[in-house]
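*Asks:* Please find one structure pasted underneath; my questions will follow.
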Amino acid sequence: MKKFLLFLTMILPVSGLWSCRDKCKETRLVVRQIPIYHPFSEIRSGVGVIAGREIQDPGKIVVQGNYLFVNEIKQGVHVIDNSDQENPRFISFIKIPGNGDMVVRDNILYADSYSDIVSIDVRDPAHPLEVGRVNDVFYSGWFNSVQWSVVTERLFLGEYDEKYETEVIEVDCEDNTPVPTREVVYTSPVTDRMKAVSRFAFKDKFLYSIISWGSLGVFDLETPAKPVSTNRKVLESTLFSIVPYRNKLFLGSQNGIVLYDNTDPSAPQKISNFPLGTPCDQVTVDDDIAYVTLRANTFCGGNTNKLDIIDISDNKVPKLIRSYPMESPWATSVDFPHLYLCEGDKGLKVFDVSDKTEIDKHLLLVKNDIVAYSVIAIGKTLLVTGKDFLYQLDTTNPRDLREISKIPVKRVVR
Amino acid sequence: MKIFLSLLLLTTLSLGLASAQDAVFKKKFINHTEVGALLGRVKYAPGGSDEKVDSKVSMSAQTFNGIQLSPRLGAGVTIGADWYKTALITPIAAGIRYDLPSRGNARFFALADVGYGFTWLHQDSDGFDTKGGLMTSPGIGIRTGKPGGSSFTISVTYRRQEAFIKKPVFYNQIERHEDRVYNRIAVKLGISF
């Protein structure tokens, strides 16, 4: 009996231990991101004019008479007096929050400002004046890899407040799974503003704009200061750019180029759709020839660097004339018979494109002492956006482009 | 831990001194080697959702080497290896084996090991850093065999092993670590001489 009691006294406490549990607590110091929202009023009262200043992260450039309008991504528009091309002068800077694109028609500058289109009278470029605004046109967009969007009557600009929190949770005591490496985040399409991607275009008294990723908005400019939304075309694929040409609109989309007939500018009609690789294609149209460049290693993927020359005289059946390998083609501009092609770090190339089947044999110049991201040919002047400068080059002799002037440019992004 | 170990040493020594007065008893080297399983379970809420309960079994082996200080008490050092699923821990502990008053060839004994589990033999996954911790293991056992000679043992002990794991962080984390306590029942078979 004594033995049994002894056995019991030892077994009982031990038996209680059968319910033994491993106890593992994981402690995490976590950064919580609290989104910051801006009321529309804050953005809408943000348009203003300040004295001209240095350009930072330039985007689209519009030439209007003797003036250059240069977009500064997300910030506004620089007005530059270019009447003396050798000494361009900063006249003013129009602060437009969330501005990424613009067009100028009849002395009115139409610019996007996050969700709105703002009309600004630039008759006196030193004193531009906001004269109208269409509210709530756009619902989201991208600037420098950061998305902004309209969230319940407020704007979210991709900004966050950070809050640190410690959390403790029970875990299974067996965790040893390595954390996956972070995914590479590619830059967004609209960010790639070193190319002059255009979301605005106009014909007669109609303004076109890519509204959301998949639709094209038509605005009536009968009263220039107050565009009125009149039509909206919904496309099957995501839209990236508009290139107007004669009575047509070339819409760069995810599934290639969509061609619209624009004879009635109030209601563009779809003609055809021709696949051309990726939405990163850059299209320049001149005299029924489309010059399409495709660059490798962009967010669109792909590993081809080439220039395609396409005959578009038959609207319905575009015909590839020839494809030419390139180094890193960013953008093109045509002043027939010359084609100017930006090769990024590799400089600027000038081709004679009289013979479309052999343009590689007519390379007139490789100007590799500059970095060239986008180019506009206007008469005998070439405007080239580079890394540190905005160049003006004289094209009188295409084999030797003379530098007329260069405007310094600051790069904050990249 | 140091205080605890010192206390244990003092107790062992005093017991040893007390038993040294026994004229008949002669001190000798003793060994007690055991192999068995560490049984337990875990209750947790994966990802903050509903609670889940899992059973756990890990293998364990250890050897105690010491001196028989008195007819009943032996003290020494225990070295072992515990194969927990994501940690291989090598405890080094001060141990005692105390024979409980009983007659016959099957006799009860109490055993206790207290020490520190090291992770010298452990290998971590990328980004993890596992450190050991305190180990305590008190329990009872039964031995069969002639008194003073070799014997087979079965023991049931409670085993508590602490560990600390630094873990790689996810995108929104600055720091992540785990305080781990293994609470197990160890059931072991062994030999002793």
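Residues in the structure tokens are numbered from 1 in each chain, the chains being A, B, ... in the order shown, and ligands are numbered from 1 in the order shown.
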Using only C-alpha atoms, determine which residues lie at most 8 Å from segment 218-225 of chain A, disregarding the query and same-chain residues fewer than 4 positions distant; provide the list as a PDB file with N, CA and C atoms, in the first residue's frame.
*Replies:*
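Generated file (result-v2.pdb):
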ATOM      1  N   ASP A 106      -5.259  78.365 -79.390  1.00  0.00           N
ATOM      2  CA  ASP A 106      -5.807  79.726 -79.305  1.00  0.00           C
ATOM      3  C   ASP A 106      -5.464  80.421 -77.994  1.00  0.00           C
ATOM      4  N   ILE A 108      -4.931  79.353 -75.216  1.00  0.00           N
ATOM      5  CA  ILE A 108      -5.394  78.704 -73.989  1.00  0.00           C
ATOM      6  C   ILE A 108      -4.578  77.427 -73.817  1.00  0.00           C
ATOM      7  N   SER A 119      -7.970  75.173 -67.720  1.00  0.00           N
ATOM      8  CA  SER A 119      -7.725  76.039 -68.880  1.00  0.00           C
ATOM      9  C   SER A 119      -7.020  77.284 -68.374  1.00  0.00           C
ATOM     10  N   ILE A 120      -5.896  77.591 -68.997  1.00  0.00           N
ATOM     11  CA  ILE A 120      -5.122  78.752 -68.558  1.00  0.00           C
ATOM     12  C   ILE A 120      -4.864  79.670 -69.743  1.00  0.00           C
ATOM     13  N   ASP A 121      -5.239  80.913 -69.587  1.00  0.00           N
ATOM     14  CA  ASP A 121      -5.036  81.901 -70.646  1.00  0.00           C
ATOM     15  C   ASP A 121      -3.564  82.321 -70.628  1.00  0.00           C
ATOM     16  N   VAL A 131      -8.608  80.301 -66.333  1.00  0.00           N
ATOM     17  CA  VAL A 131      -9.888  80.821 -66.794  1.00  0.00           C
ATOM     18  C   VAL A 131     -11.000  79.777 -66.751  1.00  0.00           C
ATOM     19  N   GLY A 132     -10.642  78.549 -66.561  1.00  0.00           N
ATOM     20  CA  GLY A 132     -11.699  77.539 -66.517  1.00  0.00           C
ATOM     21  C   GLY A 132     -11.162  76.227 -66.003  1.00  0.00           C
ATOM     22  N   ARG A 133     -12.089  75.350 -65.706  1.00  0.00           N
ATOM     23  CA  ARG A 133     -11.668  74.062 -65.165  1.00  0.00           C
ATOM     24  C   ARG A 133     -12.799  73.053 -65.362  1.00  0.00           C
ATOM     25  N   LYS A 205     -12.190  72.308 -82.954  1.00  0.00           N
ATOM     26  CA  LYS A 205     -12.572  72.806 -81.625  1.00  0.00           C
ATOM     27  C   LYS A 205     -12.839  71.660 -80.646  1.00  0.00           C
ATOM     28  N   PHE A 206     -12.151  70.557 -80.884  1.00  0.00           N
ATOM     29  CA  PHE A 206     -12.343  69.416 -79.979  1.00  0.00           C
ATOM     30  C   PHE A 206     -11.024  68.977 -79.343  1.00  0.00           C
ATOM     31  N   LEU A 207     -11.110  68.769 -78.070  1.00  0.00           N
ATOM     32  CA  LEU A 207      -9.937  68.325 -77.312  1.00  0.00           C
ATOM     33  C   LEU A 207     -10.129  66.847 -76.978  1.00  0.00           C
ATOM     34  N   TYR A 208      -9.076  66.062 -77.201  1.00  0.00           N
ATOM     35  CA  TYR A 208      -9.148  64.642 -76.860  1.00  0.00           C
ATOM     36  C   TYR A 208      -8.238  64.366 -75.665  1.00  0.00           C
ATOM     37  N   SER A 209      -8.692  63.479 -74.829  1.00  0.00           N
ATOM     38  CA  SER A 209      -7.835  63.111 -73.709  1.00  0.00           C
ATOM     39  C   SER A 209      -8.076  61.660 -73.310  1.00  0.00           C
ATOM     40  N   SER A 229     -17.451  68.259 -71.841  1.00  0.00           N
ATOM     41  CA  SER A 229     -17.330  66.860 -72.227  1.00  0.00           C
ATOM     42  C   SER A 229     -18.519  66.482 -73.101  1.00  0.00           C
ATOM     43  N   THR A 230     -18.253  65.990 -74.328  1.00  0.00           N
ATOM     44  CA  THR A 230     -19.356  65.695 -75.240  1.00  0.00           C
ATOM     45  C   THR A 230     -19.439  64.226 -75.618  1.00  0.00           C
ATOM     46  N   ASN A 231     -18.341  63.533 -75.540  1.00  0.00           N
ATOM     47  CA  ASN A 231     -18.355  62.162 -76.047  1.00  0.00           C
ATOM     48  C   ASN A 231     -17.312  61.358 -75.292  1.00  0.00           C
ATOM     49  N   ARG A 232     -17.525  60.087 -75.312  1.00  0.00           N
ATOM     50  CA  ARG A 232     -16.536  59.219 -74.665  1.00  0.00           C
ATOM     51  C   ARG A 232     -16.491  57.889 -75.400  1.00  0.00           C
ATOM     52  N   SER A 266     -15.981  65.458 -83.648  1.00  0.00           N
ATOM     53  CA  SER A 266     -16.755  65.303 -82.410  1.00  0.00           C
ATOM     54  C   SER A 266     -17.009  63.835 -82.094  1.00  0.00           C
ATOM     55  N   ALA A 267     -16.919  63.000 -83.122  1.00  0.00           N
ATOM     56  CA  ALA A 267     -17.193  61.583 -82.895  1.00  0.00           C
ATOM     57  C   ALA A 267     -16.247  60.702 -83.695  1.00  0.00           C
TER      58      ALA A 267
END
*Asks:* May I have the residues within 6 Å of segment 145-147 of chain B as a count of residues only, using only C-alpha atoms and disregarding those fewer than 2 positions away in the same chain?
*Replies:* 3
*Asks:* Show me a table, sorted first by chain and then by increasing residue number, of the residues of chain B having an atom at most 7 Å from chain A, each with its shortest atom pair and the distance in Å to one decimal, counting only C-alpha atoms and written as a Markdown table.
*Replies:*
| residue | atom | partner | partner_atom | distance |
| --- | --- | --- | --- | --- |
| B:Gly40 | CA | A:Cys20 | CA | 5.5 |
| B:Arg41 | CA | A:Arg21 | CA | 4.9 |
| B:Val42 | CA | A:Asp22 | CA | 5.1 |
| B:Tyr44 | CA | A:Glu170 | CA | 5.3 |
| B:Ala45 | CA | A:Glu170 | CA | 6.3 |
| B:Pro46 | CA | A:Val171 | CA | 6.6 |
| B:Lys85 | CA | A:Glu174 | CA | 6.3 |
| B:Thr86 | CA | A:Glu174 | CA | 5.5 |
| B:Ser125 | CA | A:Asn176 | CA | 6.0 |
| B:Asp126 | CA | A:Pro178 | CA | 5.7 |
| B:Gly127 | CA | A:Pro178 | CA | 6.5 |
| B:Tyr158 | CA | A:Leu17 | CA | 6.8 |
| B:Pro168 | CA | A:Val179 | CA | 6.3 |
| B:Phe170 | CA | A:Val179 | CA | 6.6 |
| B:Asn172 | CA | A:Val31 | CA | 5.4 |
| B:Gln173 | CA | A:Val30 | CA | 4.3 |
| B:Ile174 | CA | A:Leu29 | CA | 5.4 |
| B:Glu175 | CA | A:Leu29 | CA | 5.0 |
| B:Arg176 | CA | A:Arg28 | CA | 4.4 |
| B:His177 | CA | A:Thr27 | CA | 5.4 |
| B:Glu178 | CA | A:Glu26 | CA | 4.1 |
| B:Asp179 | CA | A:Lys25 | CA | 5.3 |
| B:Arg180 | CA | A:Cys24 | CA | 4.3 |
| B:Val181 | CA | A:Lys23 | CA | 5.1 |
| B:Tyr182 | CA | A:Asp22 | CA | 4.4 |
| B:Asn183 | CA | A:Asp22 | CA | 4.8 |
| B:Arg184 | CA | A:Cys20 | CA | 5.6 |
| B:Ile185 | CA | A:Trp18 | CA | 6.4 |
*Asks:* Name all residues at most 12 Å from Ile50 of chain A (count only C-alpha atoms; drop same-chain ones fewer than 4 positions away) and give them as a list in words.
*Replies:*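 Listed by chain and then number, they are Gly46, Glu54, Gly76, Val77, His78, Val79, Phe90, Ile91, Ser92, Phe93, Ile94, Lys95, Ile96, Pro125, Ala126, His127, Pro128 and Leu129 of chain A.
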*Asks:* Just the number, please: distance in Å from atom CA of Ile210 of chain A to atom CA of Phe389 of chain A, one decimal.
*Replies:* 29.1 Å
*Asks:* Counting only C-alpha atoms, which residue out of B:Phe128, B:Leu100, B:Arg159, B:Ala110 sits closest to Ala186 of chain B?
*Replies:*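 Closest to Ala186 of chain B, using only C-alpha atoms: B:Arg159.
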*Asks:* Please, what distance in Å, to one decimal, runs between atom CA of Lys167 of chain B and atom CA of Thr119 of chain B?
*Replies:*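 Answer for the atom CA of Lys167 of chain B to atom CA of Thr119 of chain B separation: 15.6 Å.
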*Asks:* Can you pull out the residues contacting Thr304 of chain A? Cut-off 10 Å, using only C-alpha atoms, and skip same-chain residues under 4 positions away; I want them as a list of chain:residue names.
*Replies:*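 Close residues of Thr304 of chain A: A:Gly277, A:Thr293, A:Leu294, A:Arg295, A:Ala296, A:Asn297, A:Pro325, A:Met326, A:Glu327, A:Ser328, A:Pro329.
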*Asks:* Which residues are close to segment 337-339 of chain A, i.e. within 8 Å by only C-alpha atoms, leaving aside same-chain residues fewer than 3 positions away? Reply as a list in words.
*Replies:* Thr332, Ser333, Val334, Val350, Phe351, Asp352, Val353, Ser354 and Pro398 of chain A
*Asks:* Could the residues in this selection be saved with C-alpha atoms as a PDB file, in the first residue's frame?
*Replies:*
ATOM      1  CA  THR A 332      11.689  59.907 -83.135  1.00  0.00           C
ATOM      2  CA  SER A 333      10.741  63.028 -85.025  1.00  0.00           C
ATOM      3  CA  VAL A 334      10.485  63.470 -88.779  1.00  0.00           C
ATOM      4  CA  VAL A 350      20.005  61.455 -88.120  1.00  0.00           C
ATOM      5  CA  PHE A 351      18.828  59.343 -91.075  1.00  0.00           C
ATOM      6  CA  ASP A 352      17.808  60.235 -94.575  1.00  0.00           C
ATOM      7  CA  VAL A 353      14.543  58.336 -95.032  1.00  0.00           C
ATOM      8  CA  SER A 354      13.942  59.060 -98.742  1.00  0.00           C
ATOM      9  CA  PRO A 398      21.896  67.494 -90.943  1.00  0.00           C
TER      10      PRO A 398
END
